[in-house]
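Note: the block below is start-v4.pdb and it holds PDB, C-alpha atoms, pLDDT in the B column.
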ATOM      1  CA  MET F  18      31.926  -8.232  88.179  1.00 45.00           C
ATOM      2  CA  LYS F  19      30.551  -5.904  90.866  1.00 48.00           C
ATOM      3  CA  GLU F  20      32.003  -6.531  94.315  1.00 50.00           C
ATOM      4  CA  GLN F  21      29.386  -7.669  96.821  1.00 60.00           C
ATOM      5  CA  VAL F  22      29.127  -5.388  99.852  1.00 71.00           C
ATOM      6  CA  LYS F  23      28.829  -7.203 103.164  1.00 87.00           C
ATOM      7  CA  LYS F  24      25.720  -6.353 105.123  1.00 93.00           C
ATOM      8  CA  PRO F  25      26.058  -5.146 108.722  1.00 95.00           C
ATOM      9  CA  LYS F  26      25.460  -7.985 111.173  1.00 96.00           C
ATOM     10  CA  VAL F  27      22.636  -7.822 113.725  1.00 97.00           C
ATOM     11  CA  ILE F  28      22.067 -10.412 116.449  1.00 97.00           C
ATOM     12  CA  ILE F  29      18.490 -10.792 117.669  1.00 97.00           C
ATOM     13  CA  ILE F  30      18.241 -12.290 121.162  1.00 97.00           C
ATOM     14  CA  ASP F  31      14.653 -13.170 122.066  1.00 96.00           C
ATOM     15  CA  ASP F  32      13.055 -16.300 123.533  1.00 94.00           C
ATOM     16  CA  ALA F  33       9.918 -15.804 121.392  1.00 94.00           C
ATOM     17  CA  PRO F  34      10.437 -17.277 117.869  1.00 94.00           C
ATOM     18  CA  GLU F  35       7.634 -15.136 116.482  1.00 95.00           C
ATOM     19  CA  ASN F  36       9.406 -11.943 117.543  1.00 95.00           C
ATOM     20  CA  ILE F  37      12.608 -13.145 115.921  1.00 96.00           C
ATOM     21  CA  ARG F  38      10.802 -13.968 112.670  1.00 96.00           C
ATOM     22  CA  MET F  39       9.189 -10.524 112.561  1.00 96.00           C
ATOM     23  CA  LEU F  40      12.471  -8.713 113.179  1.00 97.00           C
ATOM     24  CA  ILE F  41      14.296 -10.800 110.579  1.00 97.00           C
ATOM     25  CA  GLU F  42      11.583  -9.982 108.048  1.00 97.00           C
ATOM     26  CA  ILE F  43      11.887  -6.265 108.797  1.00 97.00           C
ATOM     27  CA  LEU F  44      15.691  -6.177 108.600  1.00 97.00           C
ATOM     28  CA  LYS F  45      16.578  -8.879 106.047  1.00 95.00           C
ATOM     29  CA  ASP F  46      16.993  -6.542 103.045  1.00 95.00           C
ATOM     30  CA  ASP F  47      19.676  -4.402 104.675  1.00 95.00           C
ATOM     31  CA  TYR F  48      21.229  -6.561 107.397  1.00 97.00           C
ATOM     32  CA  ALA F  49      22.573 -10.045 108.033  1.00 96.00           C
ATOM     33  CA  THR F  50      20.505 -11.250 110.982  1.00 97.00           C
ATOM     34  CA  ILE F  51      21.541 -13.931 113.467  1.00 96.00           C
ATOM     35  CA  PRO F  52      18.874 -15.308 115.837  1.00 97.00           C
ATOM     36  CA  ALA F  53      19.448 -16.460 119.416  1.00 97.00           C
ATOM     37  CA  THR F  54      16.597 -17.808 121.538  1.00 96.00           C
ATOM     38  CA  SER F  55      18.278 -17.450 124.935  1.00 96.00           C
ATOM     39  CA  GLY F  56      20.618 -15.129 126.755  1.00 96.00           C
ATOM     40  CA  GLU F  57      23.307 -17.802 126.950  1.00 96.00           C
ATOM     41  CA  SER F  58      23.142 -18.469 123.214  1.00 96.00           C
ATOM     42  CA  GLY F  59      23.190 -14.742 122.472  1.00 96.00           C
ATOM     43  CA  LEU F  60      26.328 -14.224 124.539  1.00 96.00           C
ATOM     44  CA  GLU F  61      28.121 -16.968 122.619  1.00 95.00           C
ATOM     45  CA  LYS F  62      27.067 -15.680 119.205  1.00 95.00           C
ATOM     46  CA  ALA F  63      27.984 -12.094 120.090  1.00 95.00           C
ATOM     47  CA  GLN F  64      31.627 -13.120 120.472  1.00 93.00           C
ATOM     48  CA  ILE F  65      31.965 -14.869 117.116  1.00 90.00           C
ATOM     49  CA  VAL F  66      34.330 -13.046 114.747  1.00 83.00           C
ATOM     50  CA  PRO F  67      33.486 -10.896 112.884  1.00 90.00           C
ATOM     51  CA  LEU F  68      31.648  -9.259 115.744  1.00 92.00           C
ATOM     52  CA  PRO F  69      28.064  -8.026 115.251  1.00 95.00           C
ATOM     53  CA  ASP F  70      27.418  -4.383 114.484  1.00 96.00           C
ATOM     54  CA  LEU F  71      24.387  -4.255 116.780  1.00 97.00           C
ATOM     55  CA  ILE F  72      22.435  -6.467 119.197  1.00 97.00           C
ATOM     56  CA  LEU F  73      18.661  -6.433 119.631  1.00 97.00           C
ATOM     57  CA  LEU F  74      18.025  -7.826 123.094  1.00 96.00           C
ATOM     58  CA  ASP F  75      14.752  -8.859 124.716  1.00 95.00           C
ATOM     59  CA  ILE F  76      14.518  -8.014 128.404  1.00 92.00           C
ATOM     60  CA  MET F  77      12.121 -10.643 129.742  1.00 90.00           C
ATOM     61  CA  MET F  78      13.659 -14.074 129.082  1.00 92.00           C
ATOM     62  CA  PRO F  79      13.959 -17.277 131.109  1.00 91.00           C
ATOM     63  CA  GLY F  80      17.399 -18.112 132.492  1.00 91.00           C
ATOM     64  CA  ILE F  81      19.472 -14.936 132.324  1.00 94.00           C
ATOM     65  CA  ASP F  82      17.358 -11.925 131.387  1.00 94.00           C
ATOM     66  CA  GLY F  83      18.275  -9.079 129.053  1.00 94.00           C
ATOM     67  CA  TYR F  84      19.702  -6.914 131.805  1.00 94.00           C
ATOM     68  CA  GLU F  85      22.173  -9.624 132.793  1.00 96.00           C
ATOM     69  CA  VAL F  86      23.095 -10.323 129.163  1.00 96.00           C
ATOM     70  CA  CYS F  87      23.821  -6.643 128.596  1.00 96.00           C
ATOM     71  CA  LYS F  88      25.876  -6.480 131.791  1.00 96.00           C
ATOM     72  CA  ARG F  89      28.001  -9.429 130.683  1.00 96.00           C
ATOM     73  CA  LEU F  90      28.440  -8.066 127.156  1.00 96.00           C
ATOM     74  CA  LYS F  91      29.735  -4.769 128.526  1.00 95.00           C
ATOM     75  CA  ALA F  92      32.145  -6.634 130.823  1.00 95.00           C
ATOM     76  CA  ILE F  93      33.794  -8.445 127.898  1.00 94.00           C
ATOM     77  CA  LYS F  94      36.491  -6.389 126.195  1.00 91.00           C
ATOM     78  CA  LYS F  95      35.715  -7.360 122.608  1.00 91.00           C
ATOM     79  CA  THR F  96      31.916  -6.942 122.923  1.00 94.00           C
ATOM     80  CA  LYS F  97      31.978  -3.907 125.204  1.00 92.00           C
ATOM     81  CA  TYR F  98      31.367  -1.354 122.469  1.00 91.00           C
ATOM     82  CA  ILE F  99      28.729  -3.212 120.464  1.00 95.00           C
ATOM     83  CA  PRO F 100      25.522  -1.136 120.693  1.00 95.00           C
ATOM     84  CA  VAL F 101      22.716  -2.938 122.514  1.00 97.00           C
ATOM     85  CA  VAL F 102      19.086  -2.003 121.835  1.00 96.00           C
ATOM     86  CA  PHE F 103      16.600  -3.472 124.302  1.00 95.00           C
ATOM     87  CA  ILE F 104      13.279  -4.945 123.208  1.00 92.00           C
ATOM     88  CA  SER F 105      10.367  -4.381 125.576  1.00 87.00           C
ATOM     89  CA  ALA F 106       6.608  -4.847 125.336  1.00 81.00           C
ATOM     90  CA  ILE F 107       4.470  -1.838 126.199  1.00 64.00           C
ATOM     91  CA  SER F 108       2.769  -3.971 128.856  1.00 60.00           C
ATOM     92  CA  GLU F 109       6.125  -4.817 130.490  1.00 66.00           C
ATOM     93  CA  VAL F 110       7.659  -2.664 133.176  1.00 64.00           C
ATOM     94  CA  MET F 111      11.055  -1.526 131.899  1.00 72.00           C
ATOM     95  CA  ASP F 112      13.632   0.057 134.155  1.00 78.00           C
ATOM     96  CA  ASP F 113      14.969   2.749 131.803  1.00 81.00           C
ATOM     97  CA  ALA F 114      17.586   3.979 134.248  1.00 85.00           C
ATOM     98  CA  LYS F 115      18.903   0.458 134.832  1.00 88.00           C
ATOM     99  CA  ALA F 116      19.013  -0.259 131.091  1.00 88.00           C
ATOM    100  CA  PHE F 117      21.087   2.822 130.302  1.00 90.00           C
ATOM    101  CA  ASP F 118      23.293   2.391 133.371  1.00 93.00           C
ATOM    102  CA  LEU F 119      24.190  -1.056 132.051  1.00 93.00           C
ATOM    103  CA  GLY F 120      25.290   0.504 128.768  1.00 93.00           C
ATOM    104  CA  ALA F 121      22.242   0.086 126.505  1.00 93.00           C
ATOM    105  CA  ALA F 122      22.185   2.448 123.535  1.00 93.00           C
ATOM    106  CA  ASP F 123      18.405   2.540 123.081  1.00 93.00           C
ATOM    107  CA  TYR F 124      15.198   0.501 123.304  1.00 91.00           C
ATOM    108  CA  ILE F 125      12.251  -0.351 121.068  1.00 91.00           C
ATOM    109  CA  THR F 126       8.808  -1.503 122.110  1.00 88.00           C
ATOM    110  CA  LYS F 127       6.437  -4.222 120.957  1.00 86.00           C
ATOM    111  CA  PRO F 128       4.369  -4.311 118.833  1.00 89.00           C
ATOM    112  CA  PHE F 129       7.056  -3.655 116.236  1.00 92.00           C
ATOM    113  CA  TYR F 130       6.822  -0.750 113.809  1.00 93.00           C
ATOM    114  CA  PRO F 131       9.117  -1.452 110.829  1.00 95.00           C
ATOM    115  CA  VAL F 132       9.915   2.194 110.082  1.00 95.00           C
ATOM    116  CA  THR F 133      10.945   2.848 113.696  1.00 93.00           C
ATOM    117  CA  ILE F 134      13.041  -0.315 113.961  1.00 95.00           C
ATOM    118  CA  LYS F 135      14.863   0.339 110.689  1.00 96.00           C
ATOM    119  CA  ALA F 136      15.588   3.927 111.692  1.00 95.00           C
ATOM    120  CA  ARG F 137      16.891   2.993 115.160  1.00 94.00           C
ATOM    121  CA  VAL F 138      19.083   0.178 113.853  1.00 96.00           C
ATOM    122  CA  LYS F 139      20.468   2.296 111.016  1.00 95.00           C
ATOM    123  CA  ASN F 140      21.277   5.243 113.278  1.00 94.00           C
ATOM    124  CA  HIS F 141      23.076   3.186 115.930  1.00 94.00           C
ATOM    125  CA  ILE F 142      25.138   1.228 113.399  1.00 94.00           C
ATOM    126  CA  LYS F 143      26.107   4.479 111.676  1.00 93.00           C
ATOM    127  CA  LEU F 144      27.058   6.010 115.041  1.00 91.00           C
ATOM    128  CA  ARG F 145      29.171   2.962 115.913  1.00 89.00           C
ATOM    129  CA  LYS F 146      31.069   3.200 112.624  1.00 89.00           C
ATOM    130  CA  THR F 147      31.704   6.896 113.267  1.00 89.00           C
ATOM    131  CA  ILE F 148      33.030   6.168 116.757  1.00 85.00           C
ATOM    132  CA  LEU F 149      35.261   3.359 115.487  1.00 84.00           C
ATOM    133  CA  GLY F 150      36.614   5.673 112.805  1.00 86.00           C
ATOM    134  CA  MET F 151      37.376   8.352 115.386  1.00 86.00           C
ATOM    135  CA  GLU F 152      39.077   5.824 117.673  1.00 84.00           C
ATOM    136  CA  LEU F 153      41.257   4.653 114.792  1.00 82.00           C
ATOM    137  CA  LEU F 154      42.179   8.240 113.943  1.00 83.00           C
ATOM    138  CA  VAL F 155      43.067   8.978 117.576  1.00 84.00           C
ATOM    139  CA  GLN F 156      45.247   5.862 117.709  1.00 85.00           C
ATOM    140  CA  GLN F 157      47.011   6.837 114.494  1.00 81.00           C
ATOM    141  CA  LEU F 158      47.645  10.330 115.857  1.00 80.00           C
ATOM    142  CA  LYS F 159      49.043   8.909 119.095  1.00 80.00           C
ATOM    143  CA  GLU F 160      51.384   6.648 117.139  1.00 76.00           C
ATOM    144  CA  ALA F 161      52.493   9.544 114.947  1.00 71.00           C
ATOM    145  CA  LEU F 162      53.093  11.833 117.926  1.00 70.00           C
ATOM    146  CA  SER F 163      55.095   9.157 119.724  1.00 69.00           C
ATOM    147  CA  GLU F 164      57.528   9.135 116.802  1.00 60.00           C
ATOM    148  CA  ILE F 165      58.010  12.893 116.792  1.00 59.00           C
ATOM    149  CA  LYS F 166      60.669  14.475 119.003  1.00 61.00           C
ATOM    150  CA  THR F 167      60.489  18.210 119.520  1.00 63.00           C
ATOM    151  CA  LEU F 168      62.928  20.834 120.772  1.00 64.00           C
ATOM    152  CA  SER F 169      61.724  23.067 123.589  1.00 67.00           C
ATOM    153  CA  GLY F 170      63.015  25.044 126.544  1.00 69.00           C
ATOM    154  CA  LEU F 171      66.373  26.816 126.974  1.00 76.00           C
ATOM    155  CA  ILE F 172      69.142  25.452 124.742  1.00 80.00           C
ATOM    156  CA  PRO F 173      72.748  26.366 125.782  1.00 84.00           C
ATOM    157  CA  ILE F 174      74.786  27.303 122.700  1.00 85.00           C
ATOM    158  CA  CYS F 175      78.424  28.384 122.480  1.00 84.00           C
ATOM    159  CA  ALA F 176      78.735  32.029 121.397  1.00 79.00           C
ATOM    160  CA  ASN F 177      81.911  31.249 119.455  1.00 80.00           C
ATOM    161  CA  CYS F 178      81.732  27.821 117.797  1.00 82.00           C
ATOM    162  CA  LYS F 179      77.927  27.461 118.019  1.00 80.00           C
ATOM    163  CA  LYS F 180      78.061  23.992 119.572  1.00 85.00           C
ATOM    164  CA  ILE F 181      75.136  23.037 121.787  1.00 85.00           C
ATOM    165  CA  ARG F 182      75.383  21.499 125.249  1.00 86.00           C
ATOM    166  CA  ASP F 183      73.097  18.512 125.788  1.00 82.00           C
ATOM    167  CA  ASP F 184      71.451  17.351 129.034  1.00 80.00           C
ATOM    168  CA  LYS F 185      74.522  15.275 129.934  1.00 84.00           C
ATOM    169  CA  GLY F 186      76.920  18.189 129.572  1.00 85.00           C
ATOM    170  CA  TYR F 187      78.414  17.173 126.223  1.00 87.00           C
ATOM    171  CA  TRP F 188      78.976  19.812 123.548  1.00 89.00           C
ATOM    172  CA  LEU F 189      77.648  18.726 120.167  1.00 87.00           C
ATOM    173  CA  GLN F 190      77.630  20.139 116.674  1.00 85.00           C
ATOM    174  CA  VAL F 191      74.302  21.834 115.878  1.00 80.00           C
ATOM    175  CA  GLU F 192      73.341  19.238 113.284  1.00 79.00           C
ATOM    176  CA  GLN F 193      74.196  16.398 115.652  1.00 81.00           C
ATOM    177  CA  TYR F 194      72.070  17.877 118.440  1.00 78.00           C
ATOM    178  CA  ILE F 195      69.081  18.555 116.182  1.00 77.00           C
ATOM    179  CA  LYS F 196      69.269  15.057 114.709  1.00 76.00           C
ATOM    180  CA  GLN F 197      69.152  13.482 118.179  1.00 77.00           C
ATOM    181  CA  HIS F 198      66.170  15.559 119.258  1.00 72.00           C
ATOM    182  CA  SER F 199      64.083  15.691 116.092  1.00 71.00           C
ATOM    183  CA  GLY F 200      64.989  12.785 113.843  1.00 67.00           C
ATOM    184  CA  ALA F 201      65.906  15.203 111.038  1.00 70.00           C
ATOM    185  CA  GLU F 202      68.564  14.123 108.525  1.00 71.00           C
ATOM    186  CA  PHE F 203      71.240  16.446 107.138  1.00 68.00           C
ATOM    187  CA  SER F 204      72.990  16.642 103.765  1.00 71.00           C
ATOM    188  CA  GLN F 205      76.279  18.465 103.105  1.00 68.00           C
ATOM    189  CA  SER F 206      76.385  21.629 101.005  1.00 69.00           C
ATOM    190  CA  ILE F 207      78.092  25.047 100.890  1.00 72.00           C
ATOM    191  CA  CYS F 208      76.280  28.343 100.659  1.00 78.00           C
ATOM    192  CA  PRO F 209      77.452  31.057  98.187  1.00 77.00           C
ATOM    193  CA  ASP F 210      78.939  33.243 100.947  1.00 77.00           C
ATOM    194  CA  CYS F 211      81.121  30.383 102.194  1.00 74.00           C
ATOM    195  CA  VAL F 212      82.175  29.526  98.664  1.00 68.00           C
ATOM    196  CA  SER F 213      83.413  33.099  98.282  1.00 73.00           C
ATOM    197  CA  GLU F 214      85.249  32.972 101.604  1.00 71.00           C
ATOM    198  CA  LEU F 215      86.802  29.494 101.307  1.00 66.00           C
ATOM    199  CA  TYR F 216      87.574  29.501  97.625  1.00 65.00           C
ATOM    200  CA  GLU F 217      88.480  33.142  97.068  1.00 63.00           C
ATOM    201  CA  GLU F 218      91.402  32.339  94.751  1.00 57.00           C
ATOM    202  CA  PHE F 219      89.246  30.072  92.631  1.00 51.00           C
ATOM    203  CA  GLN F 220      86.646  32.815  92.308  1.00 54.00           C
ATOM    204  CA  GLU F 221      89.324  35.269  91.125  1.00 55.00           C
ATOM    205  CA  ILE F 222      90.482  32.809  88.455  1.00 50.00           C
ATOM    206  CA  VAL F 223      86.929  32.293  87.248  1.00 48.00           C
ATOM    207  CA  SER F 224      86.349  36.059  87.136  1.00 55.00           C
ATOM    208  CA  SER F 225      89.543  36.684  85.143  1.00 55.00           C
ATOM    209  CA  ASP F 226      88.658  34.041  82.570  1.00 55.00           C
ATOM    210  CA  THR F 227      85.257  35.535  81.878  1.00 52.00           C
TER     211      THR F 227
END
Show me the file's structure as structure tokens.
Amino acid sequence: MKEQVKKPKVIIIDDAPENIRMLIEILKDDYATIPATSGESGLEKAQIVPLPDLILLDIMMPGIDGYEVCKRLKAIKKTKYIPVVFISAISEVMDDAKAFDLGAADYITKPFYPVTIKARVKNHIKLRKTILGMELLVQQLKEALSEIKTLSGLIPICANCKKIRDDKGYWLQVEQYIKQHSGAEFSQSICPDCVSELYEEFQEIVSSDT
């Protein structure tokens, strides 16, 4: 059985039911749409887990308008990074600078053109996923780097026994010092030169037998 892929979730906040119906019709094949007919209702629905992937937000609404809704969304930690696309009629005066200062990602105008709406929604959802992926990667790198200890700077080492002096003045074996500062683990072994030096008699016996 083929696993069903969940559609990205889009909240449509608009006080005009006809606008909501048109947007749902345009987006229904590719997105799960959630309507809200007021700013207050939209704010509540935007915080329901799982969070929406994008919010289409009408500017001119009774009660709290789109600007205020966007401002509140950006002030809430869990909804702060949800892309908001404003909806504005051509006949309405839209303050572009204010919209973008509040954190809006884009805007679309009425009357609606399906091709334009689909393209804008698709692009902003794709961009959001890319940003989330990058943020996750950065977090993973930070966690990895926090677990890595590195050696740097001048390291005092005894010219005779090769012990290393740590920051507290204690002299440590090389492997002990490296382990404390890098997290590396050591295993015991003997190189061929040391075998010859430490077990010279054994080597002579082996040579005579062969």
As JSON: centre and edge lengths in Å, one decimal, of the axis-aligned box holding range 37-48 of chain F with 5 Å per side:
{"center_x": 15.2, "center_y": -9.2, "center_z": 109.5, "size_x": 22.0, "size_y": 19.6, "size_z": 22.9}
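Residue nearest Ile99 in chain F, chosen from F:Lys146, F:Lys159, F:Lys179, F:His198 and counting only C-alpha atoms: F:Lys146.
When the distance limit is 9 Å and only C-alpha atoms are what count, the residues near Ile76 in chain F, minus those fewer than 3 positions from it on the same chain, are Asp31, Asp82, Gly83, Tyr84, Glu85, Val86, Phe103, Ile104, Ser105 and Met111 of chain F.
Residues matched by the PyMOL selection byres ((chain F and resi 60) around 10) in this file are Ile28, Ile30, Ala53, Ser55, Gly56, Glu57, Ser58, Gly59, Glu61, Lys62, Ala63, Gln64, Ile65, Val86, Cys87, Arg89, Leu90 and Thr96 of chain F.
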Exactly which residues make up the result of the PyMOL selection byres ((chain F and resi 130-144) around 7) on this file, given as a PDB file with C-alpha atoms, in the frame of the given file?
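Ended up saving to selection_1.pdb:
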ATOM      1  CA  ILE F  43      11.887  -6.265 108.797  1.00 97.00           C
ATOM      2  CA  LEU F  44      15.691  -6.177 108.600  1.00 97.00           C
ATOM      3  CA  ASP F  70      27.418  -4.383 114.484  1.00 96.00           C
ATOM      4  CA  LEU F  71      24.387  -4.255 116.780  1.00 97.00           C
ATOM      5  CA  PRO F 100      25.522  -1.136 120.693  1.00 95.00           C
ATOM      6  CA  PRO F 128       4.369  -4.311 118.833  1.00 89.00           C
ATOM      7  CA  PHE F 129       7.056  -3.655 116.236  1.00 92.00           C
ATOM      8  CA  ARG F 145      29.171   2.962 115.913  1.00 89.00           C
ATOM      9  CA  LYS F 146      31.069   3.200 112.624  1.00 89.00           C
ATOM     10  CA  THR F 147      31.704   6.896 113.267  1.00 89.00           C
ATOM     11  CA  ILE F 148      33.030   6.168 116.757  1.00 85.00           C
TER      12      ILE F 148
END
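From CA of Glu202 in chain F back to CA of Ile172 in chain F, the distance works out to 19.8 Å.
Using only C-alpha atoms for every distance, the candidate list F:Glu160, F:Ser213, F:Lys23, F:Pro173 yields F:Lys23 as the residue closest to Asp46 in chain F.
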*asked:* Which residues are near Gln190 in chain F? Cut-off 9 Å, only C-alpha atoms, ignore same chain within fewer than 6 positions. Put them as an MDAnalysis selection string.
replied: chainID F and resid 178:182
*Just how far from CA of Pro69 in chain F is CA of Ala92 in chain F, in Å to one decimal?*
16.2 Å
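Take CA of Tyr48 in chain F and CA of Ile81 in chain F: the distance between them is 26.4 Å.
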